[in-house]
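Read the structure below first, then the notes.
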Amino acid sequence: MNTPSNMLALGTKAPFFELPNPSKTNELQSLEELKGEKGTLVIFMCNHCPFVLHVIDKINELYEDYNDKGIEFIAINANDIEKYPDDSPEKMIEFQIDRRFDFPYLFDESQAVAKAYDAACTPDFYFFDDKLDLVYRGQMDDSRPGNNKDVTGEDLIIAFENLLAGEAQEEIQRPSMGCNIKWK
């Protein structure tokens, strides 16, 4: 089922969270500790979704390009692991190793954080400025599995570059699209 983002209102303060990181023996990590100096991208994703698999390598590339410019990425998996055991914390660790990404990948077992962000799909992207105000939400780019468009990351790149240059963000922001979050 193709589910679009709910498009949380721009200017919304990033809802606080503190969640376990399975790759760090479930150490609790908070938004305050992890946030970037200039910006923070919160990504709701999971291990098995074809939409996530389609873009994860590009997300990692963007992270490598922008992390040293003060932008931090935080991924969160909120799927119901009883119905979808492929998204379990053990599998999150494997996925992170397989796909070689270094940004934190946290587990939202209660789904409270996903609800606070009004997240709808995997992947769902939320980009906050240094004050943790929402400046961009929506798609990474126009590519989807099977539509033959290149995965460029361009919508996120524009948002990152605008923030770093102190420019206004694009007024038209298109929703991300993906599998729905597997609610309990």
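Each chain of the structure tokens is named A, B, ... in the order shown, its residues numbered from 1; ligands are numbered from 1 in display order.
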
Residues within 10 Å of range 104-110 of chain A, please, as an MDAnalysis selection string. Count only C-alpha atoms; anything in the same chain fewer than 2 positions from it doesn't count. chainID A and resid 17:24 26:30 34 43:46 72:81 87:89 92:93 95:96 101:102 112:115 183:184

If we count only C-alpha atoms and set the cut-off at 7 Å, which residues sit around Cys121 in chain A, ignoring sequence neighbours fewer than 6 positions away in its own chain? Please answer as a PDB file with N, CA and C atoms, in the first residue's frame.
```pdb
ATOM      1  N   THR A   3       1.572   4.778   0.880  1.00  0.00           N
ATOM      2  CA  THR A   3       1.065   5.736   1.854  1.00  0.00           C
ATOM      3  C   THR A   3       1.905   6.999   1.775  1.00  0.00           C
ATOM      4  N   PRO A   4       1.268   8.183   1.635  1.00  0.00           N
ATOM      5  CA  PRO A   4       2.037   9.425   1.612  1.00  0.00           C
ATOM      6  C   PRO A   4       2.256   9.980   3.017  1.00  0.00           C
ATOM      7  N   SER A   5       3.222  10.892   3.139  1.00  0.00           N
ATOM      8  CA  SER A   5       3.450  11.622   4.398  1.00  0.00           C
ATOM      9  C   SER A   5       2.216  12.421   4.778  1.00  0.00           C
ATOM     10  N   MET A 177       6.639   8.950   0.020  1.00  0.00           N
ATOM     11  CA  MET A 177       5.697   7.865  -0.273  1.00  0.00           C
ATOM     12  C   MET A 177       6.392   6.575   0.144  1.00  0.00           C
ATOM     13  N   GLY A 178       5.634   5.689   0.740  1.00  0.00           N
ATOM     14  CA  GLY A 178       6.245   4.428   1.123  1.00  0.00           C
ATOM     15  C   GLY A 178       5.226   3.471   1.670  1.00  0.00           C
ATOM     16  N   CYS A 179       5.723   2.415   2.302  1.00  0.00           N
ATOM     17  CA  CYS A 179       4.814   1.477   2.981  1.00  0.00           C
ATOM     18  C   CYS A 179       4.324   2.174   4.246  1.00  0.00           C
ATOM     19  N   ASN A 180       3.088   1.887   4.629  1.00  0.00           N
ATOM     20  CA  ASN A 180       2.597   2.501   5.857  1.00  0.00           C
ATOM     21  C   ASN A 180       3.373   1.954   7.060  1.00  0.00           C
ATOM     22  N   ILE A 181       3.515   2.779   8.068  1.00  0.00           N
ATOM     23  CA  ILE A 181       4.097   2.292   9.334  1.00  0.00           C
ATOM     24  C   ILE A 181       3.171   1.187   9.842  1.00  0.00           C
TER      25      ILE A 181
END
```

Give me, please, the distance in Å between CA of Glu61 in chain A and CA of Leu156 in chain A, quoted to one decimal. 11.9 Å

If we count only C-alpha atoms, what is near Gly153 in chain A at a cut-off of 8 Å, once residues fewer than 3 positions away on the same chain are taken out, given as a PDB file with C-alpha atoms, in the first residue's frame?
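Wrote it out as part29.pdb, contents follow:
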```
ATOM      1  CA  LYS A  58      21.670   7.329  -1.130  1.00  0.00           C
ATOM      2  CA  ILE A  59      20.647   8.292   2.421  1.00  0.00           C
ATOM      3  CA  LEU A  62      23.979  12.158   1.878  1.00  0.00           C
ATOM      4  CA  MET A 140      13.882  12.625  -0.622  1.00  0.00           C
ATOM      5  CA  ASP A 141      13.419  12.864  -4.406  1.00  0.00           C
ATOM      6  CA  LEU A 156      16.781  16.766   0.645  1.00  0.00           C
ATOM      7  CA  ILE A 157      19.937  18.239  -0.899  1.00  0.00           C
TER       8      ILE A 157
END
```

For Arg100 in chain A, find every residue with an atom within 10 Å (counting only C-alpha atoms), except residues of its own chain fewer than 6 positions away, and show them as a PyMOL selection string. chain A and resi 56-57+60+94

From range 2-168 of chain A, collect each residue whose DSSP state is strand (DSSP E or B) and return the set as a PyMOL selection string. chain A and resi 2-4+13+18-21+27-30+39-44+71-77+105-107+121-122+124-129+133-138

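Put simply, CA of Gln139 in chain A is 15.9 Å away from CA of Tyr63 in chain A.
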
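For the pair CA of Met7 in chain A and CA of Asp155 in chain A, the interatomic distance is 14.6 Å.
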
If you run DSSP on the backbone here, which positions in range 80-156 of chain A get alpha helix (DSSP H)? Please write them as a list in words. Pro89, Glu90, Lys91, Met92, Ile93, Glu94, Phe95, Gln96, Ile97, Asp98, Arg99, Ala112, Val113, Ala114, Lys115, Ala116, Glu154, Asp155 and Leu156 of chain A

Output all heavy atoms of each residue in that selection to a file, as a compact mmCIF listing (two decimals), in the first residue's frame.
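Below is the file again_17.txt, written as the result:
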```txt
# COMPACT_ATOMS: atom_id res chain seq x y z
N PRO A 89 14.68 -5.46 16.64
CA PRO A 89 15.96 -4.81 16.96
C PRO A 89 17.18 -5.63 16.52
O PRO A 89 18.16 -5.05 16.04
CB PRO A 89 15.90 -4.67 18.48
CG PRO A 89 14.44 -4.59 18.80
CD PRO A 89 13.77 -5.49 17.80
N GLU A 90 17.12 -6.96 16.64
CA GLU A 90 18.25 -7.79 16.20
C GLU A 90 18.48 -7.59 14.70
O GLU A 90 19.61 -7.48 14.22
CB GLU A 90 17.97 -9.28 16.46
CG GLU A 90 17.81 -9.68 17.91
CD GLU A 90 16.51 -9.18 18.55
OE1 GLU A 90 15.44 -9.20 17.88
OE2 GLU A 90 16.56 -8.74 19.71
N LYS A 91 17.38 -7.56 13.96
CA LYS A 91 17.47 -7.38 12.50
C LYS A 91 17.90 -5.95 12.15
O LYS A 91 18.51 -5.71 11.12
CB LYS A 91 16.13 -7.72 11.84
CG LYS A 91 15.75 -9.20 11.94
CD LYS A 91 16.35 -9.95 10.80
CE LYS A 91 16.06 -11.39 10.59
NZ LYS A 91 15.14 -12.17 11.16
N MET A 92 17.56 -4.98 13.02
CA MET A 92 18.01 -3.60 12.80
C MET A 92 19.54 -3.54 12.84
O MET A 92 20.16 -2.87 12.02
CB MET A 92 17.45 -2.67 13.88
CG MET A 92 15.97 -2.37 13.73
SD MET A 92 15.29 -1.52 15.21
CE MET A 92 16.19 0.05 15.19
N ILE A 93 20.13 -4.27 13.78
CA ILE A 93 21.60 -4.30 13.89
C ILE A 93 22.19 -4.89 12.61
O ILE A 93 23.12 -4.34 12.02
CB ILE A 93 22.04 -5.13 15.13
CG1 ILE A 93 21.53 -4.47 16.41
CG2 ILE A 93 23.56 -5.28 15.15
CD1 ILE A 93 21.69 -5.34 17.65
N GLU A 94 21.61 -6.02 12.15
CA GLU A 94 22.10 -6.66 10.92
C GLU A 94 21.98 -5.72 9.73
O GLU A 94 22.89 -5.63 8.90
CB GLU A 94 21.28 -7.93 10.62
CG GLU A 94 21.63 -9.11 11.49
CD GLU A 94 20.63 -10.27 11.31
OE1 GLU A 94 20.09 -10.43 10.18
OE2 GLU A 94 20.40 -10.98 12.29
N PHE A 95 20.83 -5.04 9.65
CA PHE A 95 20.57 -4.13 8.54
C PHE A 95 21.60 -2.99 8.52
O PHE A 95 22.15 -2.63 7.49
CB PHE A 95 19.15 -3.57 8.66
CG PHE A 95 18.72 -2.70 7.51
CD1 PHE A 95 18.63 -3.21 6.22
CD2 PHE A 95 18.37 -1.37 7.72
CE1 PHE A 95 18.21 -2.42 5.16
CE2 PHE A 95 17.95 -0.57 6.66
CZ PHE A 95 17.88 -1.09 5.38
N GLN A 96 21.89 -2.49 9.70
CA GLN A 96 22.86 -1.39 9.80
C GLN A 96 24.26 -1.86 9.37
O GLN A 96 24.97 -1.14 8.67
CB GLN A 96 22.88 -0.85 11.23
CG GLN A 96 23.66 0.44 11.35
CD GLN A 96 23.37 1.22 12.61
OE1 GLN A 96 22.82 0.69 13.58
NE2 GLN A 96 23.74 2.48 12.62
N ILE A 97 24.62 -3.07 9.74
CA ILE A 97 25.92 -3.62 9.35
C ILE A 97 25.95 -3.88 7.85
O ILE A 97 26.87 -3.48 7.15
CB ILE A 97 26.24 -4.90 10.16
CG1 ILE A 97 26.45 -4.54 11.64
CG2 ILE A 97 27.46 -5.62 9.58
CD1 ILE A 97 26.45 -5.73 12.58
N ASP A 98 24.89 -4.54 7.34
CA ASP A 98 24.81 -4.87 5.90
C ASP A 98 24.91 -3.62 5.04
O ASP A 98 25.55 -3.62 4.01
CB ASP A 98 23.47 -5.54 5.55
CG ASP A 98 23.44 -6.99 6.00
OD1 ASP A 98 24.49 -7.50 6.40
OD2 ASP A 98 22.34 -7.59 5.95
N ARG A 99 24.18 -2.58 5.44
CA ARG A 99 24.09 -1.37 4.62
C ARG A 99 25.13 -0.32 5.01
O ARG A 99 25.19 0.75 4.42
CB ARG A 99 22.68 -0.78 4.71
CG ARG A 99 21.63 -1.67 4.08
CD ARG A 99 21.91 -1.85 2.58
NE ARG A 99 20.95 -2.74 1.97
CZ ARG A 99 20.41 -2.52 0.76
NH1 ARG A 99 20.72 -1.47 0.05
NH2 ARG A 99 19.55 -3.39 0.28
N ALA A 112 5.09 5.72 20.23
CA ALA A 112 4.70 7.05 20.71
C ALA A 112 5.43 8.15 19.94
O ALA A 112 4.87 9.21 19.67
CB ALA A 112 4.98 7.18 22.20
N VAL A 113 6.69 7.90 19.58
CA VAL A 113 7.46 8.93 18.88
C VAL A 113 6.93 9.10 17.45
O VAL A 113 6.72 10.22 16.99
CB VAL A 113 8.97 8.59 18.88
CG1 VAL A 113 9.76 9.62 18.09
CG2 VAL A 113 9.47 8.50 20.32
N ALA A 114 6.66 7.98 16.78
CA ALA A 114 6.09 8.06 15.43
C ALA A 114 4.78 8.84 15.46
O ALA A 114 4.50 9.67 14.58
CB ALA A 114 5.87 6.66 14.86
N LYS A 115 3.98 8.60 16.50
CA LYS A 115 2.70 9.32 16.61
C LYS A 115 2.94 10.81 16.87
O LYS A 115 2.24 11.66 16.31
CB LYS A 115 1.83 8.71 17.71
CG LYS A 115 1.26 7.37 17.26
CD LYS A 115 0.45 6.66 18.32
CE LYS A 115 -0.09 5.34 17.75
NZ LYS A 115 -0.19 4.31 18.78
N ALA A 116 3.92 11.14 17.70
CA ALA A 116 4.22 12.54 18.00
C ALA A 116 4.64 13.30 16.74
O ALA A 116 4.35 14.48 16.58
CB ALA A 116 5.32 12.63 19.06
N GLU A 154 17.63 14.74 -4.40
CA GLU A 154 17.68 16.18 -4.67
C GLU A 154 16.80 17.03 -3.77
O GLU A 154 17.19 18.14 -3.41
CB GLU A 154 17.44 16.49 -6.15
CG GLU A 154 15.99 16.51 -6.54
CD GLU A 154 15.81 17.02 -7.99
OE1 GLU A 154 16.55 17.92 -8.41
OE2 GLU A 154 14.92 16.50 -8.66
N ASP A 155 15.62 16.56 -3.37
CA ASP A 155 14.76 17.40 -2.53
C ASP A 155 15.43 17.63 -1.17
O ASP A 155 15.36 18.74 -0.62
CB ASP A 155 13.37 16.78 -2.36
CG ASP A 155 12.59 16.73 -3.67
OD1 ASP A 155 13.14 16.25 -4.68
OD2 ASP A 155 11.43 17.18 -3.70
N LEU A 156 16.07 16.59 -0.63
CA LEU A 156 16.78 16.77 0.65
C LEU A 156 18.02 17.64 0.46
O LEU A 156 18.31 18.49 1.30
CB LEU A 156 17.20 15.41 1.24
CG LEU A 156 16.11 14.61 1.93
CD1 LEU A 156 16.71 13.31 2.49
CD2 LEU A 156 15.43 15.39 3.06
```

Enumerate, in order of chain and increasing residue number, the residues of range 58-88 of chain A with an atom no farther than 10 Å from range 161-176 of chain A, each with its shortest atom pair and distance in Å to one decimal, counting only C-alpha atoms, as a Markdown table.
```
| residue | atom | partner | partner_atom | distance |
| --- | --- | --- | --- | --- |
| A:Tyr66 | CA | A:Glu161 | CA | 9.4 |
| A:Lys69 | CA | A:Leu164 | CA | 8.2 |
| A:Gly70 | CA | A:Leu164 | CA | 8.8 |
| A:Ile71 | CA | A:Leu164 | CA | 9.1 |
```

Using only C-alpha atoms, can you tell me which of A:Ala119, A:Asp133, A:Leu31, A:His54 comes closest to Pro145 in chain A? A:His54
